[in-house]
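Quick look at protein06.cif (mmCIF, C-alpha atoms):
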data_my_file
#
loop_
_atom_site.group_PDB
_atom_site.id
_atom_site.type_symbol
_atom_site.label_atom_id
_atom_site.label_comp_id
_atom_site.auth_asym_id
_atom_site.auth_seq_id
_atom_site.Cartn_x
_atom_site.Cartn_y
_atom_site.Cartn_z
ATOM 1 C CA MET V 1 0.000 0.000 0.000
ATOM 2 C CA LYS V 2 1.142 3.545 -0.744
ATOM 3 C CA ILE V 3 0.765 4.741 2.859
ATOM 4 C CA ASN V 4 3.095 1.967 4.042
ATOM 5 C CA ARG V 5 5.647 2.880 1.389
ATOM 6 C CA LEU V 6 5.518 6.554 2.378
ATOM 7 C CA PHE V 7 6.064 5.667 6.009
ATOM 8 C CA GLU V 8 8.982 3.359 5.175
ATOM 9 C CA ILE V 9 10.591 6.036 2.987
ATOM 10 C CA VAL V 10 10.650 8.396 5.966
ATOM 11 C CA MET V 11 12.002 5.630 8.222
ATOM 12 C CA THR V 12 14.747 4.912 5.684
ATOM 13 C CA LEU V 13 15.701 8.572 5.506
ATOM 14 C CA LEU V 14 15.745 8.875 9.285
ATOM 15 C CA ASN V 15 18.208 5.974 9.416
ATOM 16 C CA LYS V 16 20.337 6.681 6.339
ATOM 17 C CA ARG V 17 19.841 10.453 6.033
ATOM 18 C CA THR V 18 20.630 10.437 2.276
ATOM 19 C CA ILE V 19 19.613 7.923 -0.388
ATOM 20 C CA THR V 20 19.070 8.061 -4.142
ATOM 21 C CA ALA V 21 15.721 7.702 -5.889
ATOM 22 C CA LYS V 22 17.111 4.665 -7.717
ATOM 23 C CA GLU V 23 17.966 2.945 -4.424
ATOM 24 C CA LEU V 24 14.485 3.632 -3.068
ATOM 25 C CA ALA V 25 12.903 2.391 -6.293
ATOM 26 C CA GLU V 26 14.845 -0.886 -6.042
ATOM 27 C CA LYS V 27 13.980 -1.239 -2.356
ATOM 28 C CA PHE V 28 10.233 -0.857 -2.914
ATOM 29 C CA GLU V 29 10.164 -2.396 -6.423
ATOM 30 C CA VAL V 30 8.623 0.634 -8.081
ATOM 31 C CA SER V 31 9.809 3.112 -10.697
ATOM 32 C CA THR V 32 11.912 6.192 -9.895
ATOM 33 C CA ARG V 33 8.990 8.285 -11.208
ATOM 34 C CA THR V 34 6.788 6.746 -8.493
ATOM 35 C CA ILE V 35 9.418 7.580 -5.864
ATOM 36 C CA TYR V 36 9.517 11.223 -6.966
ATOM 37 C CA ARG V 37 5.716 11.356 -6.757
ATOM 38 C CA ASP V 38 5.964 9.953 -3.222
ATOM 39 C CA ILE V 39 8.494 12.665 -2.351
ATOM 40 C CA ASP V 40 6.085 15.314 -3.595
ATOM 41 C CA ILE V 41 3.289 13.859 -1.455
ATOM 42 C CA LEU V 42 5.522 13.836 1.638
ATOM 43 C CA SER V 43 6.610 17.416 0.992
ATOM 44 C CA SER V 44 2.975 18.492 0.613
ATOM 45 C CA ALA V 45 2.240 16.823 3.975
ATOM 46 C CA GLY V 46 4.831 19.014 5.677
ATOM 47 C CA ILE V 47 7.724 16.567 5.834
ATOM 48 C CA PRO V 48 10.974 18.585 5.355
ATOM 49 C CA ILE V 49 12.318 16.424 2.543
ATOM 50 C CA TYR V 50 14.552 17.686 -0.255
ATOM 51 C CA THR V 51 16.738 16.447 -3.120
ATOM 52 C CA ASN V 52 20.282 17.322 -4.183
ATOM 53 C CA LYS V 53 21.502 16.655 -7.700
ATOM 54 C CA GLY V 54 24.997 15.750 -8.804
ATOM 55 C CA ASN V 55 27.734 13.528 -7.411
ATOM 56 C CA GLY V 56 26.996 12.592 -3.795
ATOM 57 C CA GLY V 57 23.466 13.929 -4.013
ATOM 58 C CA GLY V 58 20.203 12.237 -3.236
ATOM 59 C CA ILE V 59 17.055 12.507 -1.168
ATOM 60 C CA SER V 60 17.395 13.730 2.420
ATOM 61 C CA LEU V 61 15.544 15.080 5.432
ATOM 62 C CA LEU V 62 16.413 18.348 7.101
ATOM 63 C CA ASP V 63 18.751 17.924 10.059
ATOM 64 C CA ASN V 64 17.102 17.590 13.474
ATOM 65 C CA TYR V 65 13.828 16.367 11.956
ATOM 66 C CA SER V 66 12.050 13.767 14.076
ATOM 67 C CA LEU V 67 8.979 11.609 13.441
ATOM 68 C CA ASN V 68 5.646 13.013 14.553
ATOM 69 C CA ASN V 69 2.134 11.675 14.701
ATOM 70 C CA THR V 70 1.186 12.903 11.230
ATOM 71 C CA LEU V 71 2.665 9.677 9.843
ATOM 72 C CA ILE V 72 1.207 7.142 12.302
ATOM 73 C CA ASN V 73 -2.516 6.605 12.694
ATOM 74 C CA ASP V 74 -4.259 5.567 15.910
ATOM 75 C CA GLN V 75 -4.217 1.852 15.120
ATOM 76 C CA GLU V 76 -0.485 1.888 14.327
ATOM 77 C CA SER V 77 0.336 3.877 17.466
ATOM 78 C CA GLU V 78 -1.670 1.405 19.575
ATOM 79 C CA SER V 79 0.376 -1.464 18.108
ATOM 80 C CA LEU V 80 3.584 0.419 18.905
ATOM 81 C CA ILE V 81 2.486 0.987 22.498
ATOM 82 C CA LEU V 82 1.537 -2.686 22.897
ATOM 83 C CA ALA V 83 5.015 -3.705 21.720
ATOM 84 C CA LEU V 84 6.678 -1.295 24.146
ATOM 85 C CA LYS V 85 4.444 -2.393 27.014
ATOM 86 C CA THR V 86 5.371 -6.006 26.349
ATOM 87 C CA LEU V 87 9.049 -5.052 26.420
ATOM 88 C CA GLN V 88 8.443 -3.183 29.669
ATOM 89 C CA ALA V 89 6.989 -6.358 31.194
ATOM 90 C CA THR V 90 10.296 -8.160 30.538
ATOM 91 C CA ASN V 91 12.009 -5.674 32.909
ATOM 92 C CA TYR V 92 13.940 -4.117 30.026
ATOM 93 C CA PRO V 93 15.741 -1.087 31.516
ATOM 94 C CA GLU V 94 15.112 2.487 30.302
ATOM 95 C CA ILE V 95 11.876 1.512 28.588
ATOM 96 C CA ASN V 96 9.809 3.720 30.916
ATOM 97 C CA ILE V 97 11.541 6.790 29.504
ATOM 98 C CA VAL V 98 10.643 5.698 25.982
ATOM 99 C CA LEU V 99 7.018 5.116 26.983
ATOM 100 C CA ASP V 100 6.825 8.595 28.499
ATOM 101 C CA LYS V 101 8.041 10.120 25.239
ATOM 102 C CA ILE V 102 5.631 8.011 23.185
ATOM 103 C CA GLY V 103 2.812 9.071 25.483
ATOM 104 C CA ALA V 104 3.657 12.709 24.859
ATOM 105 C CA LEU V 105 3.693 12.084 21.113
ATOM 106 C CA PHE V 106 0.340 10.262 21.017
ATOM 107 C CA LYS V 107 -1.670 12.300 23.493
ATOM 108 C CA ASN V 108 -4.977 10.836 22.318
ATOM 109 C CA ILE V 109 -4.088 7.428 23.802
ATOM 110 C CA ASN V 110 -4.023 6.786 27.550
ATOM 111 C CA ILE V 111 -1.032 4.478 27.853
ATOM 112 C CA ASP V 112 -1.559 3.561 31.508
ATOM 113 C CA ASP V 113 -5.226 2.587 31.203
ATOM 114 C CA TRP V 114 -5.216 0.844 27.837
ATOM 115 C CA VAL V 115 -2.988 -2.186 28.460
ATOM 116 C CA TYR V 116 -1.131 -3.757 31.382
ATOM 117 C CA ILE V 117 1.260 -6.697 31.034
ATOM 118 C CA ASP V 118 3.023 -8.436 33.917
ATOM 119 C CA PHE V 119 5.477 -11.341 33.623
ATOM 120 C CA SER V 120 6.932 -10.814 37.097
ATOM 121 C CA HIS V 121 5.574 -14.048 38.625
ATOM 122 C CA TRP V 122 7.666 -16.134 36.232
ATOM 123 C CA GLY V 123 10.343 -13.689 35.144
ATOM 124 C CA SER V 124 13.833 -12.855 36.296
ATOM 125 C CA SER V 125 15.303 -9.504 37.337
ATOM 126 C CA PRO V 126 18.045 -9.022 34.752
ATOM 127 C CA ASN V 127 19.193 -5.519 35.660
ATOM 128 C CA GLU V 128 20.832 -6.249 39.025
ATOM 129 C CA ASN V 129 23.625 -3.687 39.510
ATOM 130 C CA ASN V 130 22.968 -2.382 35.973
ATOM 131 C CA LYS V 131 24.420 -5.533 34.394
ATOM 132 C CA PHE V 132 21.739 -5.581 31.696
ATOM 133 C CA ILE V 133 22.695 -2.070 30.543
ATOM 134 C CA ASP V 134 26.396 -2.977 30.768
ATOM 135 C CA ILE V 135 25.831 -6.009 28.533
ATOM 136 C CA LYS V 136 23.828 -3.949 26.047
ATOM 137 C CA ASN V 137 26.569 -1.304 25.890
ATOM 138 C CA SER V 138 29.280 -3.945 25.501
ATOM 139 C CA ILE V 139 27.423 -5.482 22.540
ATOM 140 C CA ILE V 140 27.057 -2.117 20.838
ATOM 141 C CA GLY V 141 30.618 -1.075 21.677
ATOM 142 C CA LYS V 142 32.098 -4.499 20.785
ATOM 143 C CA ARG V 143 33.798 -4.824 24.171
ATOM 144 C CA VAL V 144 34.822 -8.131 25.754
ATOM 145 C CA ILE V 145 33.132 -8.792 29.097
ATOM 146 C CA TYR V 146 34.153 -10.918 32.082
ATOM 147 C CA PHE V 147 31.789 -12.513 34.597
ATOM 148 C CA GLU V 148 31.279 -15.437 36.939
ATOM 149 C CA TYR V 149 28.509 -17.802 35.858
ATOM 150 C CA ILE V 150 26.509 -20.273 37.950
ATOM 151 C CA ASN V 151 24.945 -23.027 35.840
ATOM 152 C CA SER V 152 21.790 -25.025 36.572
ATOM 153 C CA GLU V 153 23.811 -27.488 38.684
ATOM 154 C CA GLY V 154 25.201 -24.724 40.908
ATOM 155 C CA ILE V 155 28.742 -24.920 39.458
ATOM 156 C CA LYS V 156 30.528 -21.557 39.223
ATOM 157 C CA SER V 157 32.945 -20.726 36.402
ATOM 158 C CA GLN V 158 34.774 -17.657 35.087
ATOM 159 C CA ARG V 159 34.063 -16.556 31.520
ATOM 160 C CA TYR V 160 35.418 -14.061 28.997
ATOM 161 C CA ILE V 161 32.724 -13.435 26.393
ATOM 162 C CA GLU V 162 32.456 -11.565 23.113
ATOM 163 C CA PRO V 163 28.801 -10.543 23.544
ATOM 164 C CA MET V 164 26.640 -10.789 20.423
ATOM 165 C CA ARG V 165 22.954 -10.663 21.291
ATOM 166 C CA LEU V 166 20.374 -10.314 24.057
ATOM 167 C CA ILE V 167 17.505 -12.852 23.889
ATOM 168 C CA PHE V 168 14.218 -12.956 25.787
ATOM 169 C CA LYS V 169 12.843 -16.494 25.994
ATOM 170 C CA GLY V 170 10.571 -18.281 28.437
ATOM 171 C CA GLN V 171 10.086 -15.264 30.751
ATOM 172 C CA ALA V 172 13.848 -14.718 31.162
ATOM 173 C CA TRP V 173 16.687 -12.792 29.512
ATOM 174 C CA TYR V 174 19.731 -14.533 28.034
ATOM 175 C CA LEU V 175 23.078 -13.387 26.642
ATOM 176 C CA TRP V 176 24.397 -15.093 23.508
ATOM 177 C CA GLY V 177 28.048 -14.679 22.586
ATOM 178 C CA TYR V 178 31.409 -16.257 21.863
ATOM 179 C CA CYS V 179 32.864 -17.922 24.958
ATOM 180 C CA ARG V 180 36.659 -17.978 24.918
ATOM 181 C CA LYS V 181 36.765 -20.748 27.510
ATOM 182 C CA ARG V 182 34.524 -23.053 25.459
ATOM 183 C CA GLN V 183 35.880 -21.674 22.162
ATOM 184 C CA GLY V 184 32.379 -21.544 20.762
ATOM 185 C CA PHE V 185 29.050 -19.756 20.963
ATOM 186 C CA CYS V 186 27.094 -20.187 24.193
ATOM 187 C CA THR V 187 23.992 -18.734 25.810
ATOM 188 C CA PHE V 188 23.867 -17.597 29.443
ATOM 189 C CA ARG V 189 20.865 -16.768 31.588
ATOM 190 C CA ILE V 190 21.467 -13.202 32.773
ATOM 191 C CA SER V 191 20.086 -13.802 36.272
ATOM 192 C CA ARG V 192 22.954 -16.295 36.798
ATOM 193 C CA ILE V 193 25.659 -13.858 35.710
ATOM 194 C CA LYS V 194 27.588 -12.429 38.680
ATOM 195 C CA ASN V 195 30.335 -9.795 39.114
ATOM 196 C CA LEU V 196 30.195 -8.608 35.507
ATOM 197 C CA LEU V 197 33.002 -6.374 34.263
ATOM 198 C CA ILE V 198 33.426 -4.632 30.897
ATOM 199 C CA THR V 199 37.064 -4.926 29.830
ATOM 200 C CA GLU V 200 39.034 -2.450 27.729
ATOM 201 C CA GLU V 201 39.527 -5.070 25.011
ATOM 202 C CA THR V 202 37.483 -4.718 21.825
ATOM 203 C CA PHE V 203 36.621 -7.439 19.318
ATOM 204 C CA GLU V 204 35.423 -7.865 15.745
ATOM 205 C CA ARG V 205 32.055 -9.549 15.420
ATOM 206 C CA ARG V 206 32.433 -13.102 14.167
ATOM 207 C CA LYS V 207 30.470 -14.271 11.149
ATOM 208 C CA THR V 208 27.846 -16.714 12.353
ATOM 209 C CA GLU V 209 24.659 -18.383 11.285
ATOM 210 C CA GLU V 210 21.495 -17.248 13.030
ATOM 211 C CA VAL V 211 21.329 -18.635 16.562
ATOM 212 C CA HIS V 212 18.629 -21.260 16.907
ATOM 213 C CA LYS V 213 15.821 -19.977 19.126
ATOM 214 C CA GLY V 214 16.080 -22.986 21.402
ATOM 215 C CA GLN V 215 19.866 -23.020 21.739
ATOM 216 C CA TYR V 216 20.620 -22.389 25.419
ATOM 217 C CA VAL V 217 23.448 -23.314 27.747
ATOM 218 C CA ASP V 218 20.960 -24.911 30.136
ATOM 219 C CA LYS V 219 19.012 -26.778 27.479
ATOM 220 C CA PRO V 220 17.572 -30.125 28.617
ATOM 221 C CA LYS V 221 19.523 -33.284 27.879
ATOM 222 C CA SER V 222 16.466 -35.099 26.528
ATOM 223 C CA LEU V 223 12.727 -34.920 25.958
ATOM 224 C CA VAL V 224 10.145 -37.257 27.416
ATOM 225 C CA THR V 225 6.563 -37.982 26.346
ATOM 226 C CA LEU V 226 4.314 -37.955 29.404
ATOM 227 C CA LYS V 227 0.862 -39.441 29.860
ATOM 228 C CA LEU V 228 -0.749 -37.694 32.841
ATOM 229 C CA HIS V 229 -4.105 -38.411 34.499
ATOM 230 C CA PHE V 230 -5.595 -35.196 35.979
ATOM 231 C CA GLN V 231 -8.469 -34.893 38.472
ATOM 232 C CA PRO V 232 -11.362 -32.448 37.806
ATOM 233 C CA GLU V 233 -10.272 -29.899 40.450
ATOM 234 C CA VAL V 234 -7.161 -28.938 38.446
ATOM 235 C CA LEU V 235 -8.694 -28.834 34.959
ATOM 236 C CA ASN V 236 -8.490 -25.035 34.984
ATOM 237 C CA ARG V 237 -4.702 -25.314 35.106
ATOM 238 C CA VAL V 238 -4.695 -28.044 32.486
ATOM 239 C CA PHE V 239 -6.602 -25.906 29.987
ATOM 240 C CA ASP V 240 -4.364 -22.941 30.778
ATOM 241 C CA TYR V 241 -1.263 -24.932 29.881
ATOM 242 C CA TYR V 242 -2.332 -27.144 26.969
ATOM 243 C CA ASP V 243 -4.254 -26.956 23.721
ATOM 244 C CA GLU V 244 -7.264 -29.241 23.393
ATOM 245 C CA GLU V 245 -5.421 -31.532 20.970
ATOM 246 C CA TYR V 246 -3.281 -32.774 23.893
ATOM 247 C CA ILE V 247 -6.269 -33.389 26.206
ATOM 248 C CA SER V 248 -8.547 -36.439 26.235
ATOM 249 C CA LYS V 249 -11.637 -36.057 28.445
ATOM 250 C CA ASN V 250 -13.044 -38.985 30.439
ATOM 251 C CA THR V 251 -16.691 -39.586 31.362
ATOM 252 C CA ASP V 252 -15.898 -39.256 35.099
ATOM 253 C CA GLY V 253 -14.688 -35.644 34.672
ATOM 254 C CA THR V 254 -10.985 -36.465 34.706
ATOM 255 C CA CYS V 255 -8.743 -36.131 31.673
ATOM 256 C CA ILE V 256 -5.606 -37.601 30.165
ATOM 257 C CA VAL V 257 -2.898 -35.286 28.836
ATOM 258 C CA THR V 258 -0.238 -36.622 26.488
ATOM 259 C CA VAL V 259 2.573 -34.116 25.982
ATOM 260 C CA THR V 260 6.315 -34.024 25.293
ATOM 261 C CA LEU V 261 8.361 -31.975 27.779
ATOM 262 C CA PRO V 262 12.056 -31.573 28.680
ATOM 263 C CA GLU V 263 13.134 -34.151 31.253
ATOM 264 C CA ASP V 264 14.887 -32.218 33.984
ATOM 265 C CA GLU V 265 14.337 -30.890 37.498
ATOM 266 C CA TRP V 266 11.627 -28.550 36.249
ATOM 267 C CA VAL V 267 9.384 -31.334 34.949
ATOM 268 C CA TYR V 268 9.597 -33.299 38.219
ATOM 269 C CA GLY V 269 8.650 -30.213 40.219
ATOM 270 C CA TYR V 270 5.919 -29.353 37.728
ATOM 271 C CA ILE V 271 4.248 -32.766 38.146
ATOM 272 C CA MET V 272 4.536 -32.628 41.934
ATOM 273 C CA SER V 273 2.982 -29.140 41.997
ATOM 274 C CA PHE V 274 -0.377 -30.815 41.267
ATOM 275 C CA GLY V 275 -0.130 -32.886 44.452
ATOM 276 C CA ASN V 276 -2.585 -35.787 44.561
ATOM 277 C CA SER V 277 -4.555 -34.325 41.633
ATOM 278 C CA VAL V 278 -2.341 -35.936 39.012
ATOM 279 C CA GLU V 279 -0.985 -39.423 38.362
ATOM 280 C CA VAL V 280 1.851 -40.264 35.981
ATOM 281 C CA ILE V 281 0.643 -43.101 33.756
ATOM 282 C CA GLU V 282 3.681 -43.187 31.457
ATOM 283 C CA PRO V 283 6.630 -43.524 31.289
ATOM 284 C CA GLU V 284 7.391 -45.807 34.194
ATOM 285 C CA HIS V 285 10.744 -44.242 35.124
ATOM 286 C CA ILE V 286 9.160 -40.803 35.577
ATOM 287 C CA ARG V 287 6.414 -42.397 37.685
ATOM 288 C CA GLU V 288 9.082 -43.972 39.922
ATOM 289 C CA ILE V 289 11.011 -40.697 40.243
ATOM 290 C CA VAL V 290 7.879 -38.839 41.366
ATOM 291 C CA ILE V 291 6.933 -41.601 43.846
ATOM 292 C CA ASP V 292 10.444 -41.551 45.342
ATOM 293 C CA ARG V 293 10.422 -37.771 45.737
ATOM 294 C CA MET V 294 6.999 -37.777 47.345
ATOM 295 C CA ARG V 295 8.150 -40.408 49.841
ATOM 296 C CA LYS V 296 11.170 -38.313 50.725
ATOM 297 C CA ALA V 297 8.971 -35.246 51.128
ATOM 298 C CA ILE V 298 6.751 -37.149 53.577
ATOM 299 C CA GLU V 299 9.854 -38.240 55.520
ATOM 300 C CA VAL V 300 10.833 -34.601 55.999
ATOM 301 C CA TYR V 301 7.517 -33.901 57.787
ATOM 302 C CA GLU V 302 7.513 -37.132 59.796
ATOM 303 C CA LYS V 303 10.871 -36.501 61.475
#
Would you encode the structure as structure tokens?
Amino acid sequence: MKINRLFEIVMTLLNKRTITAKELAEKFEVSTRTIYRDIDILSSAGIPIYTNKGNGGGISLLDNYSLNNTLINDQESESLILALKTLQATNYPEINIVLDKIGALFKNINIDDWVYIDFSHWGSSPNENNKFIDIKNSIIGKRVIYFEYINSEGIKSQRYIEPMRLIFKGQAWYLWGYCRKRQGFCTFRISRIKNLLITEETFERRKTEEVHKGQYVDKPKSLVTLKLHFQPEVLNRVFDYYDEEYISKNTDGTCIVTVTLPEDEWVYGYIMSFGNSVEVIEPEHIREIVIDRMRKAIEVYEK
């Protein structure tokens, strides 16, 4: 659509400052004549856009120009606010300042009353002692960082990392980068990073393939397919967690859930969180693990 192309032209100019009509035409797969017509439309709308001919010339915006709400309609601004609110819920630092500025720009939308998102019950607090901001700055500045890391087994190690990317996954923030100790790319949960220091050493970003979304340092060793028998009193939780395709209802009000989950400490605790309202039908070794842990829990209270 033309309105989308006009908006993207302004975004391109804000980022690149100067670009030729030919480059814009190739980017949007239109003719240069169409691009010049778009420029005329933007100029008529009050956007301070101009062209320079000759070597080194092109299409530019006046210096100090910033985006205003003449280019974003109400629906688009609502989508932008939703995205920022979601980022705020991940405890991303400095986002409140951005939201305040957006609120001033789109005065017709009440940011505080329209949407509220809270991940805090499951999330981590990544910005302890400003380490989140330090990691962000080290990625942008291409600076090697040092920290102590505690893995899921409680083992502490010292790491020198060439930081590449921040990742939010599963209600927690992770750092992905090149670990000089492992001599390879690793992912670290930020809440387990301690005593972080930004060194004076800089690095050149290594050429890599895109990191797989599930590639984490603490990834489970294996997956297990569970068959779980749930009692009626916990069906609200069952339907919160699983799509109907995983649930088989019984005539007595109970249900059977068949689902594949990572086999680790989390899955044992997850099953036990249902107390006597769930029974592990399969596999047998998971059933035995849960029985053993329940017996030990009873022993703690019978001492």
Applied to the shown file, which residues does the PyMOL selection byres ((chain V and resi 190-197) around 7) return, written as a PDB file with C-alpha atoms, in the coordinates of the input?
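To be explicit, this is the file written out as out.pdb:
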ATOM      1  CA  SER V 124      13.833 -12.855  36.296  1.00  0.00           C
ATOM      2  CA  SER V 125      15.303  -9.504  37.337  1.00  0.00           C
ATOM      3  CA  PRO V 126      18.045  -9.022  34.752  1.00  0.00           C
ATOM      4  CA  LYS V 131      24.420  -5.533  34.394  1.00  0.00           C
ATOM      5  CA  ILE V 145      33.132  -8.792  29.097  1.00  0.00           C
ATOM      6  CA  TYR V 146      34.153 -10.918  32.082  1.00  0.00           C
ATOM      7  CA  PHE V 147      31.789 -12.513  34.597  1.00  0.00           C
ATOM      8  CA  GLU V 148      31.279 -15.437  36.939  1.00  0.00           C
ATOM      9  CA  TYR V 149      28.509 -17.802  35.858  1.00  0.00           C
ATOM     10  CA  ILE V 150      26.509 -20.273  37.950  1.00  0.00           C
ATOM     11  CA  TRP V 173      16.687 -12.792  29.512  1.00  0.00           C
ATOM     12  CA  TYR V 174      19.731 -14.533  28.034  1.00  0.00           C
ATOM     13  CA  LEU V 175      23.078 -13.387  26.642  1.00  0.00           C
ATOM     14  CA  PHE V 188      23.867 -17.597  29.443  1.00  0.00           C
ATOM     15  CA  ARG V 189      20.865 -16.768  31.588  1.00  0.00           C
ATOM     16  CA  ILE V 198      33.426  -4.632  30.897  1.00  0.00           C
ATOM     17  CA  THR V 199      37.064  -4.926  29.830  1.00  0.00           C
TER      18      THR V 199
END
Nearby residues (only C-alpha atoms) at most 12 Å from Asn236 of chain V, same-chain spacing under 5 positions excluded, as JSON, numbers by chain: {"V": [230, 231, 241, 242, 254, 255, 274]}
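Relative to atom CA of Thr18 of chain V, atom CA of Arg165 of chain V is found at 28.5 Å.
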What does the structure give for the distance between atom CA of Glu233 of chain V and atom CA of Asp292 of chain V, in Å to one decimal? 24.3 Å
I need the output of the PyMOL selection byres ((chain V and resi 177) around 10) for this file as a list in words; which residues are they? Ile139, Val144, Tyr160, Ile161, Glu162, Pro163, Met164, Arg165, Leu166, Tyr174, Leu175, Trp176, Tyr178, Cys179, Arg180, Gly184, Phe185, Cys186, Thr187, Phe188, Arg205, Arg206 and Val211 of chain V
Selection under test: the PyMOL selection byres ((chain V and resi 270-272) around 10); residues as a PDB file with C-alpha atoms, keeping the file's coordinate frame:
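Dumped everything to selection.pdb:
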ATOM      1  CA  LEU V 228      -0.749 -37.694  32.841  1.00  0.00           C
ATOM      2  CA  GLU V 265      14.337 -30.890  37.498  1.00  0.00           C
ATOM      3  CA  TRP V 266      11.627 -28.550  36.249  1.00  0.00           C
ATOM      4  CA  VAL V 267       9.384 -31.334  34.949  1.00  0.00           C
ATOM      5  CA  TYR V 268       9.597 -33.299  38.219  1.00  0.00           C
ATOM      6  CA  GLY V 269       8.650 -30.213  40.219  1.00  0.00           C
ATOM      7  CA  SER V 273       2.982 -29.140  41.997  1.00  0.00           C
ATOM      8  CA  PHE V 274      -0.377 -30.815  41.267  1.00  0.00           C
ATOM      9  CA  GLY V 275      -0.130 -32.886  44.452  1.00  0.00           C
ATOM     10  CA  ASN V 276      -2.585 -35.787  44.561  1.00  0.00           C
ATOM     11  CA  SER V 277      -4.555 -34.325  41.633  1.00  0.00           C
ATOM     12  CA  VAL V 278      -2.341 -35.936  39.012  1.00  0.00           C
ATOM     13  CA  GLU V 279      -0.985 -39.423  38.362  1.00  0.00           C
ATOM     14  CA  VAL V 280       1.851 -40.264  35.981  1.00  0.00           C
ATOM     15  CA  ILE V 286       9.160 -40.803  35.577  1.00  0.00           C
ATOM     16  CA  ARG V 287       6.414 -42.397  37.685  1.00  0.00           C
ATOM     17  CA  VAL V 290       7.879 -38.839  41.366  1.00  0.00           C
ATOM     18  CA  ILE V 291       6.933 -41.601  43.846  1.00  0.00           C
ATOM     19  CA  ARG V 293      10.422 -37.771  45.737  1.00  0.00           C
ATOM     20  CA  MET V 294       6.999 -37.777  47.345  1.00  0.00           C
TER      21      MET V 294
END
For atom CA of Thr258 of chain V and atom CA of Lys227 of chain V, the interatomic separation in Å (one decimal): 4.5 Å
